[in-house]
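Student: Below is the structure I would like to discuss, written out as C-alpha cells.
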Amino acid sequence: MLNEGKKIYCDVSKCLGCRSCELACAVEHSKSKTLFNAIKEEPVPIHRRRVQAVDEIIISDACHHCEDAPCISACMSGAMYKAEDGSTQHIEEKCVGCWMCIMVCPFAAISRQTKLALKCDLCKDNEKGPQCIISCPTKALISKEV
Amino acid sequence: MNYLIIGASAAGISCVEAIRSIDMEGKITVVSDENYPVYSRCMLSYYLAGIIPEGKLKYREDDFYRKFNVNAIIGKKVDAVMSSDKKVKLSDGSVLTFDKLLIATGSRSKMEKIPGIEKEGVFGLRNIDDARKIEKRLQNSKAAVMLGGGLIGLRAAYALHKRGIKVTVVVKSKHVLSQMLDEEGAKFIQDKIEKEGIKVLTGLAAKEILGNKCSPRIHSGVSEANSVSGVVLENGEKIDCQIVIIGKGVQANMELVKNTEIKTEKGIVVNDYLRTTVSDIYAAGDVAQANDLITGESTINALWPNAVIQGKIAGFNMVEKNIKYDGSISMNSVEFFELPTISCGITKPKGEEYEILVRKNIASSIYRKIILKDNKIVGFVLVKDVDKSGIFGLLLKKKINVSSIKEVMMGNNFDFAKIIPLIKQYKSEFAEKEYSEILI
Ligand SMILES: Cc1cc2nc3c(=O)[nH]c(=O)nc-3n(C[C@H](O)[C@H](O)[C@H](O)COP(=O)(O)OP(=O)(O)OC[C@H]3O[C@@H](n4cnc5c(N)ncnc54)[C@H](O)[C@@H]3O)c2cc1C
Ligand code: SF4
Ligand code: SF4
C-alpha cells in the first residue's frame, strides 16, 4: 500500500488571508523564480494555492494529495500519478488539457493554463520545501509527514 | 491465486494495479486482442488533430507488464468464456484457466445500417488502427462528414478541422452532444464550432453513402469503385466528401459470454461489487452494466473514469476485499476552440420534482446550470467557467442538501471554502480523511 506522505495543512485559527502563500507559490512556479521577473512572464505564473473564505473562516487551500485520488482515476493521459512519497504529482509533458481531473477534484484544487492542468506539487523541485509554508507570516501553514 | 483479465485498457489495467497493490504473489495474466502497448483511446482525436504524436497515446510506461509481474498475451482474442470450467478459449485454440476472471472487453463503435457503409473511407474511431487508417486517408482528402454529434463525433470533427479538412457534422437530434448536454448548453458549443468553420446540420440523418468509380487522388489499394465520394441526406441534400466517420455511440463487446450463465442486457450485468451472475467472474468498464449513482438504474456509462474505478474495485474484490461500488456517473469534459464544457448527471430534467438554477451570460459564453431534486444536486452543466465543477460533483456524489448555499453556488465567488459549513454539518457523509483534516 502507498504511504500517506507529506501534506500541507492550514490552521484556520491563524490564517489572516494575507495571500503571501499565493504569491510565493506563483513565484516558485515561474520560470525566473523571482517576483520581479515573474510578473512579466508569459504565460503569467499561476498559483496553485488559493486563499478562500466563508463566514468567519479564512483558509488557504490547495491539493490535498488525496489518498484515493479521483484526479488520477480520471486522468486519461497518465499525467497524474501517485508518487512514492504518497503525494499526487503531475507530468506536464503528458497533459493534454482535457480537464477530466478538474471535473472530479473535490477541492477544485486544479487550475487551467492553455492545454495544461496545474496543481500543488509540494515544491518537489525546491530543496527548501514548500514555499507557501516558508512565506506564511503567521505560521498558519504547516507540513506534516503522516 | 490465478487471476485472468481480458482487455488491457482503462478497466483491465487499473484492475492489475489494484490487485498488485495488495497481492504481490498471485499470478496475473492479461489477454488483449490489440497488438499495442497500453494506450489511451480517449486521446485518439488528439493524435488525429496532430496535437500529440502516436507515442504519446501511451498512458503507462513500456515496462508496465514487467513491472507489475504480468503475463501479457497480446494480439490474441478470447473467443469464449467457459464459466463452469473456469476456463477461457483463445482465438488460436489454446485454453487458459483462472481462479478469478475479469471481463474488461470494453465496447466498439456502433455501425449504422445505411447503404454504402462498407465503402472504403468509412470509419469508426475506437482504436489505433482506426486512427491510423483515417490519418492515411486524410492526406488525400478535402472534406469529411461526421455522422453523429456526440462526444466522439465532435472530437473527430474538431481534429479533422484542425488538419485543414472541411467538416460537416450531421446530427439526428435537435442539437449536438445531446447525451451530455441540455439544448441551451449545447448551443454555446454549436455556435462556437460553427463560427470556427465546422458545419453542423441538426435534425437530419444520412440516407446513403456514395462511392466513386475512379478517384485518382485516393490510392488506397482497395477497389476504387468502393471509395467514398459523398453522403446523401434524408432531405436529398448531397455533401461531397472523401471521409465518413460514424459516431453513433458504442456497443458492449460481450459475445464471449454467449452460452454461459452470465447475465447480459445492454452489457454484462454486475452487482454493487462488480460481480457478474457467476461467482468468481467480474466485469468492469464499458462492457459492464452497473448501477447509476444518481438514477439507481442499471446501465452503462461508458466513460474512462468509470472504467478505471470499476476496474480498481473489481480488482480489490477479486482479492477477496468486498468493497462496494457507489455506482457509475455520467459525466464528461470537452473543450473545443478554447471553450471548455463539463457536464454531469441529469442535464435534461423532465418533471415537476426538479428545481433548476441557471446563470448565463451569452456575450462571454458563461453558462452554469444546476439541477436539484429535493434540494440535492442531481446534475449540472458548466460552460467556460468549469474550474469549480469538482465541488458540485462532490455535493452530487454525497447527496448533500444544498438549500443553505443555493445563492452562493450560483455566485461568482463560489469556491471550496463555501461548502465547509456543509462538511461540518454532514460530517458522517464526508468520512474520507481529507475532509476531516480541514477542520483542525
Ligand atoms: C475517441 C474516443 C474518445 C473518448 N473520449 C473520452 C473522454 O473524453 N472521456 C471519457 O470519459 N471517455 C472517453 N472515451 C471513452 C473511453 O475511452 C472508454 O470509456 C474506456 O476506454 C473504456 O475502457 P474499458 O477498459 O472498459 O474498455 P476499452 O477501452 O474498450 O478496452 C477494451 C479492450 O479489450 C479488447 N478486447 C475486446 N474483446 C476482447 C476479446 N474477446 N479478447 C481480448 N481482448 C478483447 C479491446 O480490443 C480493447 O483493447 C473515448 C473513447 C474514444 C474512442
Ligand atoms: S488534485 Fe484534487 S483530487 Fe487530485 S489529489 Fe489533489 S485534491 Fe485530490
Ligand atoms: S487535464 Fe491533464 S492532468 Fe488533467 S486529466 Fe487531462 S491529461 Fe490528465
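FYI, nothing fancy with the C-alpha cells labels: chains A, B, ... in order, residues from 1 per chain, ligands from 1 as they appear.
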Please identify the residues whose atoms come within 7 Å of ligand 3, using only C-alpha atoms and all ligand atoms, and report them as a PyMOL selection string.
Tutor: chain A and resi 71+74-80+90+94-102+116-117
Student: Output N, CA and C atoms for every residue in that selection, as a short mmCIF file (atom, residue, chain, number, x, y, z; two decimals), in the first residue's frame.
Tutor:
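Final output, saved to result_9.cif:
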data_model
loop_
_atom_site.label_atom_id
_atom_site.label_comp_id
_atom_site.auth_asym_id
_atom_site.auth_seq_id
_atom_site.Cartn_x
_atom_site.Cartn_y
_atom_site.Cartn_z
N CYS A 71 -8.50 12.48 -9.21
CA CYS A 71 -7.88 13.03 -10.42
C CYS A 71 -7.05 11.98 -11.15
N ALA A 74 -9.28 9.66 -13.11
CA ALA A 74 -9.92 10.31 -14.25
C ALA A 74 -8.94 10.66 -15.36
N CYS A 75 -7.67 10.76 -15.01
CA CYS A 75 -6.70 11.26 -16.00
C CYS A 75 -6.46 10.24 -17.10
N MET A 76 -6.81 10.62 -18.33
CA MET A 76 -6.75 9.68 -19.44
C MET A 76 -5.41 9.69 -20.15
N SER A 77 -4.47 10.50 -19.69
CA SER A 77 -3.18 10.54 -20.37
C SER A 77 -2.06 9.96 -19.51
N GLY A 78 -2.37 9.64 -18.26
CA GLY A 78 -1.33 9.15 -17.36
C GLY A 78 -0.49 10.27 -16.79
N ALA A 79 -0.93 11.53 -16.95
CA ALA A 79 -0.16 12.67 -16.43
C ALA A 79 -0.22 12.72 -14.90
N MET A 80 -1.37 12.42 -14.34
CA MET A 80 -1.50 12.44 -12.88
C MET A 80 -1.10 11.08 -12.32
N HIS A 90 2.05 15.45 -11.12
CA HIS A 90 1.54 15.70 -12.46
C HIS A 90 2.70 15.88 -13.43
N LYS A 94 2.90 15.17 -20.34
CA LYS A 94 1.88 14.20 -20.75
C LYS A 94 0.50 14.82 -20.84
N CYS A 95 0.30 15.93 -20.17
CA CYS A 95 -1.03 16.52 -20.03
C CYS A 95 -1.53 17.08 -21.36
N VAL A 96 -2.80 16.81 -21.69
CA VAL A 96 -3.38 17.35 -22.92
C VAL A 96 -4.46 18.40 -22.65
N GLY A 97 -4.68 18.70 -21.39
CA GLY A 97 -5.68 19.72 -21.08
C GLY A 97 -7.10 19.28 -21.38
N CYS A 98 -7.44 18.06 -20.98
CA CYS A 98 -8.80 17.56 -21.22
C CYS A 98 -9.75 17.93 -20.08
N TRP A 99 -9.19 18.32 -18.98
CA TRP A 99 -9.93 18.77 -17.77
C TRP A 99 -10.77 17.69 -17.11
N MET A 100 -10.44 16.42 -17.38
CA MET A 100 -11.13 15.35 -16.67
C MET A 100 -10.79 15.43 -15.17
N CYS A 101 -9.56 15.85 -14.87
CA CYS A 101 -9.14 15.96 -13.47
C CYS A 101 -9.91 17.08 -12.76
N ILE A 102 -10.10 18.17 -13.46
CA ILE A 102 -10.86 19.30 -12.90
C ILE A 102 -12.30 18.87 -12.62
N LEU A 116 -3.06 22.91 -20.23
CA LEU A 116 -2.22 22.37 -19.17
C LEU A 116 -2.87 22.53 -17.81
N ALA A 117 -2.97 21.41 -17.09
CA ALA A 117 -3.50 21.45 -15.72
C ALA A 117 -2.36 21.79 -14.77
#
Student: Hey, list the chain B side of the contact with chain A: 8 Å cut-off, only C-alpha atoms, answer as an MDAnalysis selection string.
Tutor: chainID B and resid 21:22 40 42:43 56:60 304:305 308:309 332:335 338 342 386:394 415:418 420 434 437:438 440
Student: Let me see if you get this right: every residue at most 7 Å from ligand 1, counting only C-alpha atoms and all ligand atoms, written as a JSON list (two decimals) with C-alpha atoms, in the first residue's frame.
Tutor:
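For reference, result.json as written:
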[["chain", "number", "residue", "atom", "x", "y", "z"],
["B", 6, "ILE", "CA", -9.49, -9.93, -20.59],
["B", 7, "GLY", "CA", -8.89, -6.48, -22.09],
["B", 8, "ALA", "CA", -5.92, -4.22, -21.43],
["B", 9, "SER", "CA", -7.42, -0.76, -21.34],
["B", 10, "ALA", "CA", -8.82, 1.55, -18.65],
["B", 11, "ALA", "CA", -10.60, -1.16, -16.64],
["B", 12, "GLY", "CA", -8.14, -4.03, -17.19],
["B", 31, "VAL", "CA", -5.18, -11.09, -22.71],
["B", 32, "SER", "CA", -5.68, -8.33, -25.25],
["B", 33, "ASP", "CA", -6.54, -8.56, -28.92],
["B", 34, "GLU", "CA", -4.96, -5.19, -29.61],
["B", 40, "SER", "CA", -5.48, 5.64, -24.03],
["B", 41, "ARG", "CA", -8.16, 5.63, -26.69],
["B", 42, "CYS", "CA", -9.56, 8.90, -25.34],
["B", 43, "MET", "CA", -6.56, 10.62, -26.84],
["B", 44, "LEU", "CA", -7.00, 9.28, -30.36],
["B", 45, "SER", "CA", -8.64, 12.50, -31.50],
["B", 76, "LYS", "CA", -4.91, -12.72, -29.14],
["B", 77, "LYS", "CA", -8.63, -12.74, -28.69],
["B", 78, "VAL", "CA", -10.70, -14.64, -26.17],
["B", 79, "ASP", "CA", -13.40, -16.37, -28.19],
["B", 104, "ALA", "CA", -12.92, -5.82, -19.36],
["B", 105, "THR", "CA", -13.53, -6.13, -23.08],
["B", 106, "GLY", "CA", -14.98, -2.63, -23.45],
["B", 107, "SER", "CA", -17.09, -1.61, -26.38],
["B", 108, "ARG", "CA", -16.86, -0.89, -30.08],
["B", 125, "LEU", "CA", -12.92, 5.98, -34.21],
["B", 126, "ARG", "CA", -12.21, 3.45, -31.50],
["B", 127, "ASN", "CA", -8.65, 2.22, -31.68],
["B", 151, "LEU", "CA", -18.54, 13.38, -27.96],
["B", 152, "ILE", "CA", -16.56, 11.19, -30.34],
["B", 253, "ASN", "CA", -18.10, -6.43, -26.54],
["B", 256, "LEU", "CA", -17.51, -14.06, -25.48],
["B", 284, "ALA", "CA", -15.79, -3.66, -15.39],
["B", 285, "GLY", "CA", -15.70, -0.73, -17.79],
["B", 286, "ASP", "CA", -17.67, -0.15, -20.98],
["B", 287, "VAL", "CA", -18.78, -3.79, -21.10],
["B", 302, "ALA", "CA", -19.19, 4.20, -20.98],
["B", 303, "LEU", "CA", -16.57, 6.61, -19.71],
["B", 304, "TRP", "CA", -12.91, 6.45, -18.78],
["B", 305, "PRO", "CA", -13.13, 7.37, -15.07],
["B", 307, "ALA", "CA", -13.93, 2.15, -16.21],
["B", 332, "ASN", "CA", -17.83, 14.47, -19.29],
["B", 333, "SER", "CA", -15.46, 17.22, -20.17],
["B", 334, "VAL", "CA", -14.86, 18.66, -23.63]]
Student: For Asn71 (chain B), which residue among B:Val383, B:Ile366, B:Val30, B:Ile19 is the nearest when counting only C-alpha atoms?
Tutor: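 Under the stated criterion, the closest residue is B:Val30.
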